[in-house]
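A short worksheet on the structure shown next.
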Amino acid sequence: MIATELGVSPSTVSRVLNTPGDAALRWGSSDTVARIRAFAAEHGYSPNPQASSLRTRRSGLIGVLVPRLQDYVLATIYEGVEEAAYESGLSTFVTNSLDKPDNQRSRTRMMIDRRVDGLIYGDAHLDHHFLDEIYSEGVKFALVSRTAGDYPSATVDDVKGGRLVGGHLYDTGRRDAAVLAGWEFASTARDRTNGIVTAFAEHGVEIPDERIVYSGFDPAGGRAAVEQLLESGTVPDAIFATNDFAAIGAFGALRDRGIRVPDDVALVGYNDTPIAAGGAVPLTTIRSPMHEMGRQAVGLLLEVIGGRTPESVVLEPELIIRSSSTSASVQAGEPSSVEA
């Protein structure tokens, strides 16, 4: 009826009514979109997702798996996913895997049962056995935040981020650095650690294996990792935590032992979360474009759903220097390397 009354094709009407916001302008001019919506509103028409899915064999749903949505980084990434999905006329829902393979499998099956068009994984493991399984079944997916194998991913350049940290710490006179690396199965832990190790090596300084501790990305993990480091009896002059929350845990452990930041130990985090600037000692960190990562992941997934093989997206990190790693004179503008 709408198509007949307005003199447009039924497919244009369907697409406009099933596409929210300005994204509908891809299906017609602003005048056409406005007339279709006005006519539908006046006569009480609304989109029928069930009927649409029967015609297209698509549900309009994207499933997202993350380790823990309570994590600020993952929550921000998901906001980007949801925003980009909405602009494309899609809906999303998210579930937590707690980084456990059994949970990844069960949550994935649940989402497939709900007929999602595709999946975005924020919890990929480096061994990618699970991803290989679902890929072999024809499931459409993309990765975000982490990489695994050759699957398309939207990430920040974590190796460069680690190199920026290493260059900064070396330039400020630190020579005995330790790394709170995060979980060993995550590409973020591997790449950020490799970055700082490489940067120091280029200056002829080794970060030995015993100075690299794998633990959780949360405050408890950071505290436990520092306590393990200090059991050796020697205090490093710099600590790079591959997550701001782990850095906060590390700060607490150092404070409890009377070790001062930055006078005794320079401390650097990663991601530039809101807690970084607001602590007792503002935290030097790497700023990563978390929201944009989420948006880019949706774009990759849509290409995969469309039968294409997209190139992974690697976004740029930025070193944010604060007082946890350097003197006030350096913060005020004295030379400091921020190049990889």
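Labels for the structure tokens follow display order: chains A, B, ..., residues from 1 in each chain, ligands from 1.
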Surrounding residues of range 289-300 of chain A excluding itself and chain neighbours under 6 positions, 8 Å, only C-alpha atoms, as a ChimeraX atom specification: /A:73-74,76-85,120,142-145,152-156,271,310,312-313,315-317
Please provide the set of residues having any atom within 9 Å of Pro20 in chain A, restricted to only C-alpha atoms, with same-chain residues fewer than 4 positions apart removed, written as JSON, numbers by chain. {"A": [16, 24, 86, 87, 88, 89, 90]}
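Among A:Tyr121, A:Tyr170, A:Tyr270, A:Phe217, the residue with the shortest atom-to-atom distance to Ala148 in chain A, counting only C-alpha atoms, is A:Tyr121.
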Among range 113-161 of chain A, which ones does DSSP assign to helix (DSSP H, G or I) (computed from the backbone)? Answer as a PyMOL selection string. chain A and resi 113+129-136+158-161
Using only C-alpha atoms, which protein or nucleic acid residues come within 8 Å of range 122-126 of chain A? Drop anything in the same chain fewer than 5 positions from it, and give the result as number ranges by chain. A: 64-67, 74, 97, 99, 131, 143-149, 185-187
From range 101-294 of chain A, collect each residue whose DSSP state is strand (DSSP E) and return the set as a PDB file with all heavy atoms, in the first residue's frame.
ATOM      1  N   GLY A 118      26.202 -12.972  12.416  1.00  0.00           N
ATOM      2  CA  GLY A 118      27.644 -13.104  12.580  1.00  0.00           C
ATOM      3  C   GLY A 118      28.047 -12.808  14.003  1.00  0.00           C
ATOM      4  O   GLY A 118      27.234 -12.374  14.830  1.00  0.00           O
ATOM      5  N   LEU A 119      29.326 -13.020  14.301  1.00  0.00           N
ATOM      6  CA  LEU A 119      29.840 -12.881  15.664  1.00  0.00           C
ATOM      7  C   LEU A 119      31.083 -12.002  15.685  1.00  0.00           C
ATOM      8  O   LEU A 119      31.877 -12.016  14.723  1.00  0.00           O
ATOM      9  CB  LEU A 119      30.190 -14.255  16.235  1.00  0.00           C
ATOM     10  CG  LEU A 119      29.028 -15.221  16.447  1.00  0.00           C
ATOM     11  CD1 LEU A 119      29.539 -16.646  16.559  1.00  0.00           C
ATOM     12  CD2 LEU A 119      28.259 -14.834  17.697  1.00  0.00           C
ATOM     13  N   ILE A 120      31.240 -11.268  16.770  1.00  0.00           N
ATOM     14  CA  ILE A 120      32.470 -10.513  17.010  1.00  0.00           C
ATOM     15  C   ILE A 120      33.074 -11.034  18.313  1.00  0.00           C
ATOM     16  O   ILE A 120      32.405 -11.043  19.353  1.00  0.00           O
ATOM     17  CB  ILE A 120      32.205  -9.004  17.106  1.00  0.00           C
ATOM     18  CG1 ILE A 120      31.736  -8.472  15.744  1.00  0.00           C
ATOM     19  CG2 ILE A 120      33.464  -8.260  17.559  1.00  0.00           C
ATOM     20  CD1 ILE A 120      31.348  -7.004  15.755  1.00  0.00           C
ATOM     21  N   TYR A 121      34.319 -11.486  18.233  1.00  0.00           N
ATOM     22  CA  TYR A 121      34.994 -12.030  19.401  1.00  0.00           C
ATOM     23  C   TYR A 121      36.009 -11.022  19.949  1.00  0.00           C
ATOM     24  O   TYR A 121      36.923 -10.603  19.242  1.00  0.00           O
ATOM     25  CB  TYR A 121      35.729 -13.323  19.046  1.00  0.00           C
ATOM     26  CG  TYR A 121      34.814 -14.493  18.790  1.00  0.00           C
ATOM     27  CD1 TYR A 121      34.450 -14.846  17.500  1.00  0.00           C
ATOM     28  CD2 TYR A 121      34.308 -15.240  19.846  1.00  0.00           C
ATOM     29  CE1 TYR A 121      33.599 -15.913  17.256  1.00  0.00           C
ATOM     30  CE2 TYR A 121      33.450 -16.307  19.622  1.00  0.00           C
ATOM     31  CZ  TYR A 121      33.104 -16.639  18.324  1.00  0.00           C
ATOM     32  OH  TYR A 121      32.249 -17.695  18.100  1.00  0.00           O
ATOM     33  N   PHE A 141      32.544 -14.435  11.311  1.00  0.00           N
ATOM     34  CA  PHE A 141      32.986 -13.715  12.509  1.00  0.00           C
ATOM     35  C   PHE A 141      34.169 -12.804  12.197  1.00  0.00           C
ATOM     36  O   PHE A 141      34.851 -12.955  11.172  1.00  0.00           O
ATOM     37  CB  PHE A 141      33.355 -14.685  13.634  1.00  0.00           C
ATOM     38  CG  PHE A 141      34.545 -15.574  13.348  1.00  0.00           C
ATOM     39  CD1 PHE A 141      35.829 -15.160  13.655  1.00  0.00           C
ATOM     40  CD2 PHE A 141      34.369 -16.831  12.787  1.00  0.00           C
ATOM     41  CE1 PHE A 141      36.920 -15.968  13.384  1.00  0.00           C
ATOM     42  CE2 PHE A 141      35.449 -17.652  12.518  1.00  0.00           C
ATOM     43  CZ  PHE A 141      36.745 -17.216  12.825  1.00  0.00           C
ATOM     44  N   ALA A 142      34.390 -11.862  13.104  1.00  0.00           N
ATOM     45  CA  ALA A 142      35.569 -10.997  13.087  1.00  0.00           C
ATOM     46  C   ALA A 142      36.032 -10.850  14.528  1.00  0.00           C
ATOM     47  O   ALA A 142      35.294 -11.154  15.474  1.00  0.00           O
ATOM     48  CB  ALA A 142      35.252  -9.636  12.475  1.00  0.00           C
ATOM     49  N   LEU A 143      37.256 -10.372  14.698  1.00  0.00           N
ATOM     50  CA  LEU A 143      37.838 -10.208  16.027  1.00  0.00           C
ATOM     51  C   LEU A 143      37.998  -8.724  16.350  1.00  0.00           C
ATOM     52  O   LEU A 143      38.139  -7.888  15.457  1.00  0.00           O
ATOM     53  CB  LEU A 143      39.215 -10.885  16.105  1.00  0.00           C
ATOM     54  CG  LEU A 143      39.332 -12.310  15.571  1.00  0.00           C
ATOM     55  CD1 LEU A 143      40.756 -12.834  15.759  1.00  0.00           C
ATOM     56  CD2 LEU A 143      38.321 -13.226  16.235  1.00  0.00           C
ATOM     57  N   VAL A 144      38.015  -8.430  17.640  1.00  0.00           N
ATOM     58  CA  VAL A 144      38.263  -7.069  18.089  1.00  0.00           C
ATOM     59  C   VAL A 144      39.167  -7.110  19.314  1.00  0.00           C
ATOM     60  O   VAL A 144      39.098  -8.056  20.114  1.00  0.00           O
ATOM     61  CB  VAL A 144      36.944  -6.326  18.398  1.00  0.00           C
ATOM     62  CG1 VAL A 144      36.262  -6.880  19.647  1.00  0.00           C
ATOM     63  CG2 VAL A 144      37.165  -4.827  18.545  1.00  0.00           C
ATOM     64  N   SER A 153      40.704  -8.780  12.081  1.00  0.00           N
ATOM     65  CA  SER A 153      40.608  -8.202  13.424  1.00  0.00           C
ATOM     66  C   SER A 153      40.735  -6.695  13.360  1.00  0.00           C
ATOM     67  O   SER A 153      41.369  -6.144  12.455  1.00  0.00           O
ATOM     68  CB  SER A 153      41.708  -8.777  14.326  1.00  0.00           C
ATOM     69  OG  SER A 153      42.995  -8.480  13.784  1.00  0.00           O
ATOM     70  N   ALA A 154      40.136  -6.043  14.341  1.00  0.00           N
ATOM     71  CA  ALA A 154      40.286  -4.602  14.531  1.00  0.00           C
ATOM     72  C   ALA A 154      40.997  -4.395  15.860  1.00  0.00           C
ATOM     73  O   ALA A 154      40.452  -4.715  16.920  1.00  0.00           O
ATOM     74  CB  ALA A 154      38.926  -3.909  14.535  1.00  0.00           C
ATOM     75  N   THR A 155      42.220  -3.900  15.794  1.00  0.00           N
ATOM     76  CA  THR A 155      43.038  -3.764  17.004  1.00  0.00           C
ATOM     77  C   THR A 155      43.805  -2.449  16.956  1.00  0.00           C
ATOM     78  O   THR A 155      43.838  -1.750  15.945  1.00  0.00           O
ATOM     79  CB  THR A 155      44.063  -4.909  17.115  1.00  0.00           C
ATOM     80  OG1 THR A 155      44.970  -4.839  15.994  1.00  0.00           O
ATOM     81  CG2 THR A 155      43.380  -6.263  17.114  1.00  0.00           C
ATOM     82  N   VAL A 156      44.475  -2.157  18.068  1.00  0.00           N
ATOM     83  CA  VAL A 156      45.478  -1.106  18.082  1.00  0.00           C
ATOM     84  C   VAL A 156      46.825  -1.773  17.830  1.00  0.00           C
ATOM     85  O   VAL A 156      46.975  -2.991  18.040  1.00  0.00           O
ATOM     86  CB  VAL A 156      45.477  -0.360  19.438  1.00  0.00           C
ATOM     87  CG1 VAL A 156      45.987  -1.247  20.564  1.00  0.00           C
ATOM     88  CG2 VAL A 156      46.302   0.921  19.364  1.00  0.00           C
ATOM     89  N   ALA A 177      63.897  -2.595  33.626  1.00  0.00           N
ATOM     90  CA  ALA A 177      62.439  -2.588  33.496  1.00  0.00           C
ATOM     91  C   ALA A 177      61.864  -3.981  33.719  1.00  0.00           C
ATOM     92  O   ALA A 177      62.483  -4.995  33.383  1.00  0.00           O
ATOM     93  CB  ALA A 177      62.031  -2.076  32.121  1.00  0.00           C
ATOM     94  N   ALA A 178      60.667  -4.004  34.276  1.00  0.00           N
ATOM     95  CA  ALA A 178      59.898  -5.239  34.430  1.00  0.00           C
ATOM     96  C   ALA A 178      58.557  -5.051  33.733  1.00  0.00           C
ATOM     97  O   ALA A 178      58.088  -3.921  33.552  1.00  0.00           O
ATOM     98  CB  ALA A 178      59.688  -5.571  35.901  1.00  0.00           C
ATOM     99  N   VAL A 179      57.936  -6.156  33.344  1.00  0.00           N
ATOM    100  CA  VAL A 179      56.678  -6.114  32.606  1.00  0.00           C
ATOM    101  C   VAL A 179      55.640  -6.970  33.307  1.00  0.00           C
ATOM    102  O   VAL A 179      55.887  -8.146  33.610  1.00  0.00           O
ATOM    103  CB  VAL A 179      56.864  -6.630  31.156  1.00  0.00           C
ATOM    104  CG1 VAL A 179      55.561  -6.462  30.366  1.00  0.00           C
ATOM    105  CG2 VAL A 179      58.010  -5.898  30.462  1.00  0.00           C
ATOM    106  N   LEU A 180      54.488  -6.369  33.591  1.00  0.00           N
ATOM    107  CA  LEU A 180      53.314  -7.123  34.046  1.00  0.00           C
ATOM    108  C   LEU A 180      52.500  -7.387  32.788  1.00  0.00           C
ATOM    109  O   LEU A 180      51.742  -6.540  32.320  1.00  0.00           O
ATOM    110  CB  LEU A 180      52.510  -6.318  35.063  1.00  0.00           C
ATOM    111  CG  LEU A 180      53.312  -5.625  36.180  1.00  0.00           C
ATOM    112  CD1 LEU A 180      52.355  -4.977  37.183  1.00  0.00           C
ATOM    113  CD2 LEU A 180      54.262  -6.587  36.865  1.00  0.00           C
ATOM    114  N   ALA A 181      52.684  -8.583  32.230  1.00  0.00           N
ATOM    115  CA  ALA A 181      52.321  -8.814  30.835  1.00  0.00           C
ATOM    116  C   ALA A 181      50.842  -9.093  30.596  1.00  0.00           C
ATOM    117  O   ALA A 181      50.358  -8.910  29.483  1.00  0.00           O
ATOM    118  CB  ALA A 181      53.156  -9.968  30.276  1.00  0.00           C
ATOM    119  N   GLY A 182      50.100  -9.538  31.599  1.00  0.00           N
ATOM    120  CA  GLY A 182      48.718  -9.948  31.352  1.00  0.00           C
ATOM    121  C   GLY A 182      48.641 -11.439  31.127  1.00  0.00           C
ATOM    122  O   GLY A 182      49.543 -12.196  31.510  1.00  0.00           O
ATOM    123  N   ILE A 212      59.565 -10.576  33.415  1.00  0.00           N
ATOM    124  CA  ILE A 212      58.275 -10.578  32.725  1.00  0.00           C
ATOM    125  C   ILE A 212      57.355 -11.547  33.454  1.00  0.00           C
ATOM    126  O   ILE A 212      57.635 -12.746  33.533  1.00  0.00           O
ATOM    127  CB  ILE A 212      58.437 -11.002  31.257  1.00  0.00           C
ATOM    128  CG1 ILE A 212      59.373 -10.028  30.532  1.00  0.00           C
ATOM    129  CG2 ILE A 212      57.069 -11.042  30.566  1.00  0.00           C
ATOM    130  CD1 ILE A 212      59.731 -10.464  29.119  1.00  0.00           C
ATOM    131  N   VAL A 213      56.279 -11.013  34.024  1.00  0.00           N
ATOM    132  CA  VAL A 213      55.362 -11.813  34.829  1.00  0.00           C
ATOM    133  C   VAL A 213      53.985 -11.817  34.165  1.00  0.00           C
ATOM    134  O   VAL A 213      53.424 -10.760  33.864  1.00  0.00           O
ATOM    135  CB  VAL A 213      55.244 -11.261  36.266  1.00  0.00           C
ATOM    136  CG1 VAL A 213      54.290 -12.128  37.078  1.00  0.00           C
ATOM    137  CG2 VAL A 213      56.616 -11.192  36.921  1.00  0.00           C
ATOM    138  N   TYR A 214      53.449 -13.005  33.941  1.00  0.00           N
ATOM    139  CA  TYR A 214      52.106 -13.145  33.356  1.00  0.00           C
ATOM    140  C   TYR A 214      51.092 -13.316  34.472  1.00  0.00           C
ATOM    141  O   TYR A 214      51.224 -14.203  35.317  1.00  0.00           O
ATOM    142  CB  TYR A 214      52.074 -14.330  32.396  1.00  0.00           C
ATOM    143  CG  TYR A 214      52.879 -14.092  31.149  1.00  0.00           C
ATOM    144  CD1 TYR A 214      54.211 -14.493  31.069  1.00  0.00           C
ATOM    145  CD2 TYR A 214      52.320 -13.423  30.063  1.00  0.00           C
ATOM    146  CE1 TYR A 214      54.962 -14.247  29.926  1.00  0.00           C
ATOM    147  CE2 TYR A 214      53.064 -13.172  28.917  1.00  0.00           C
ATOM    148  CZ  TYR A 214      54.381 -13.597  28.859  1.00  0.00           C
ATOM    149  OH  TYR A 214      55.116 -13.336  27.726  1.00  0.00           O
ATOM    150  N   ALA A 238      61.643   0.443  36.739  1.00  0.00           N
ATOM    151  CA  ALA A 238      60.485   0.759  35.905  1.00  0.00           C
ATOM    152  C   ALA A 238      59.596  -0.471  35.798  1.00  0.00           C
ATOM    153  O   ALA A 238      60.099  -1.596  35.730  1.00  0.00           O
ATOM    154  CB  ALA A 238      60.915   1.214  34.519  1.00  0.00           C
ATOM    155  N   ILE A 239      58.296  -0.237  35.784  1.00  0.00           N
ATOM    156  CA  ILE A 239      57.326  -1.317  35.597  1.00  0.00           C
ATOM    157  C   ILE A 239      56.333  -0.884  34.524  1.00  0.00           C
ATOM    158  O   ILE A 239      55.723   0.181  34.617  1.00  0.00           O
ATOM    159  CB  ILE A 239      56.573  -1.645  36.898  1.00  0.00           C
ATOM    160  CG1 ILE A 239      57.526  -2.266  37.931  1.00  0.00           C
ATOM    161  CG2 ILE A 239      55.409  -2.595  36.622  1.00  0.00           C
ATOM    162  CD1 ILE A 239      56.876  -2.532  39.278  1.00  0.00           C
ATOM    163  N   PHE A 240      56.186  -1.739  33.518  1.00  0.00           N
ATOM    164  CA  PHE A 240      55.178  -1.535  32.480  1.00  0.00           C
ATOM    165  C   PHE A 240      54.080  -2.554  32.677  1.00  0.00           C
ATOM    166  O   PHE A 240      54.286  -3.758  32.551  1.00  0.00           O
ATOM    167  CB  PHE A 240      55.814  -1.699  31.100  1.00  0.00           C
ATOM    168  CG  PHE A 240      54.837  -1.717  29.950  1.00  0.00           C
ATOM    169  CD1 PHE A 240      53.705  -0.892  29.944  1.00  0.00           C
ATOM    170  CD2 PHE A 240      55.059  -2.537  28.846  1.00  0.00           C
ATOM    171  CE1 PHE A 240      52.805  -0.918  28.879  1.00  0.00           C
ATOM    172  CE2 PHE A 240      54.170  -2.564  27.777  1.00  0.00           C
ATOM    173  CZ  PHE A 240      53.040  -1.747  27.788  1.00  0.00           C
ATOM    174  N   ALA A 241      52.886  -2.073  33.041  1.00  0.00           N
ATOM    175  CA  ALA A 241      51.715  -2.933  33.166  1.00  0.00           C
ATOM    176  C   ALA A 241      50.915  -2.805  31.880  1.00  0.00           C
ATOM    177  O   ALA A 241      50.598  -1.687  31.457  1.00  0.00           O
ATOM    178  CB  ALA A 241      50.874  -2.523  34.364  1.00  0.00           C
ATOM    179  N   ALA A 266      59.444   3.938  38.061  1.00  0.00           N
ATOM    180  CA  ALA A 266      58.518   4.519  37.083  1.00  0.00           C
ATOM    181  C   ALA A 266      57.438   3.483  36.777  1.00  0.00           C
ATOM    182  O   ALA A 266      57.717   2.294  36.681  1.00  0.00           O
ATOM    183  CB  ALA A 266      59.264   4.888  35.806  1.00  0.00           C
ATOM    184  N   LEU A 267      56.199   3.947  36.637  1.00  0.00           N
ATOM    185  CA  LEU A 267      55.082   3.040  36.396  1.00  0.00           C
ATOM    186  C   LEU A 267      54.302   3.519  35.173  1.00  0.00           C
ATOM    187  O   LEU A 267      53.929   4.691  35.083  1.00  0.00           O
ATOM    188  CB  LEU A 267      54.165   2.994  37.617  1.00  0.00           C
ATOM    189  CG  LEU A 267      52.945   2.068  37.547  1.00  0.00           C
ATOM    190  CD1 LEU A 267      53.377   0.614  37.388  1.00  0.00           C
ATOM    191  CD2 LEU A 267      52.078   2.238  38.797  1.00  0.00           C
ATOM    192  N   VAL A 268      54.050   2.596  34.236  1.00  0.00           N
ATOM    193  CA  VAL A 268      53.321   2.920  33.006  1.00  0.00           C
ATOM    194  C   VAL A 268      52.213   1.885  32.802  1.00  0.00           C
ATOM    195  O   VAL A 268      52.425   0.687  33.017  1.00  0.00           O
ATOM    196  CB  VAL A 268      54.259   2.914  31.783  1.00  0.00           C
ATOM    197  CG1 VAL A 268      53.473   3.252  30.499  1.00  0.00           C
ATOM    198  CG2 VAL A 268      55.400   3.908  31.973  1.00  0.00           C
ATOM    199  N   THR A 285      50.554   6.356  30.309  1.00  0.00           N
ATOM    200  CA  THR A 285      49.858   5.222  29.706  1.00  0.00           C
ATOM    201  C   THR A 285      49.853   5.353  28.191  1.00  0.00           C
ATOM    202  O   THR A 285      50.311   6.371  27.642  1.00  0.00           O
ATOM    203  CB  THR A 285      48.412   5.149  30.247  1.00  0.00           C
ATOM    204  OG1 THR A 285      47.765   3.962  29.782  1.00  0.00           O
ATOM    205  CG2 THR A 285      47.603   6.359  29.836  1.00  0.00           C
ATOM    206  N   ILE A 286      49.380   4.313  27.537  1.00  0.00           N
ATOM    207  CA  ILE A 286      49.176   4.342  26.093  1.00  0.00           C
ATOM    208  C   ILE A 286      47.684   4.516  25.833  1.00  0.00           C
ATOM    209  O   ILE A 286      46.870   3.741  26.334  1.00  0.00           O
ATOM    210  CB  ILE A 286      49.668   3.047  25.428  1.00  0.00           C
ATOM    211  CG1 ILE A 286      51.192   2.927  25.529  1.00  0.00           C
ATOM    212  CG2 ILE A 286      49.224   2.995  23.969  1.00  0.00           C
ATOM    213  CD1 ILE A 286      51.966   3.955  24.732  1.00  0.00           C
ATOM    214  N   ARG A 287      47.351   5.523  25.059  1.00  0.00           N
ATOM    215  CA  ARG A 287      45.947   5.738  24.690  1.00  0.00           C
ATOM    216  C   ARG A 287      45.627   4.903  23.465  1.00  0.00           C
ATOM    217  O   ARG A 287      46.303   4.997  22.440  1.00  0.00           O
ATOM    218  CB  ARG A 287      45.685   7.212  24.407  1.00  0.00           C
ATOM    219  CG  ARG A 287      44.249   7.528  23.995  1.00  0.00           C
ATOM    220  CD  ARG A 287      44.052   9.021  23.884  1.00  0.00           C
ATOM    221  NE  ARG A 287      44.191   9.653  25.191  1.00  0.00           N
ATOM    222  CZ  ARG A 287      44.399  10.965  25.362  1.00  0.00           C
ATOM    223  NH1 ARG A 287      44.511  11.763  24.315  1.00  0.00           N
ATOM    224  NH2 ARG A 287      44.509  11.459  26.590  1.00  0.00           N
TER     225      ARG A 287
END
So, counting only C-alpha atoms, which residue among A:Val94, A:Val314, A:Val205, A:Ile2 is closest to Arg174 in chain A? A:Val205
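Using only C-alpha atoms, the nearest neighbour of Gly166 in chain A within the list A:Thr4, A:Ser232, A:Ser325, A:Thr19 is A:Ser325.
Atom pair CA of Lys160 in chain A / CA of Ile196 in chain A has a distance of 8.6 Å (rounded to one decimal).
In this comparison, which uses only C-alpha atoms, the residue of A:Ile320, A:Gly307, A:Pro208, A:Tyr72 approaching Ile275 in chain A most closely is A:Tyr72.
Distances here use only C-alpha atoms; by that measure, the residue among A:Leu17, A:Ile321, A:Val33, A:Met111 closest to Ala277 in chain A is A:Ile321.
Compared by their closest atoms to Ala247 in chain A, and using only C-alpha atoms, the residues A:Leu229, A:Ala220, A:Ile259, A:Ala189 rank with A:Ala220 nearest.
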So which residues touch Ala250 in chain A within 8 Å, counting only C-alpha atoms, skipping near sequence neighbours fewer than 3 positions away, as a list in words? Pro219, Gly222, Arg223, Ala224, Ala225, Val226, Ala241, Ala246, Ala247, Ala253 and Leu254 of chain A
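For the atom pair formed by CA of Gly21 in chain A and CA of Glu42 in chain A, the distance is 18.2 Å, given to one decimal.
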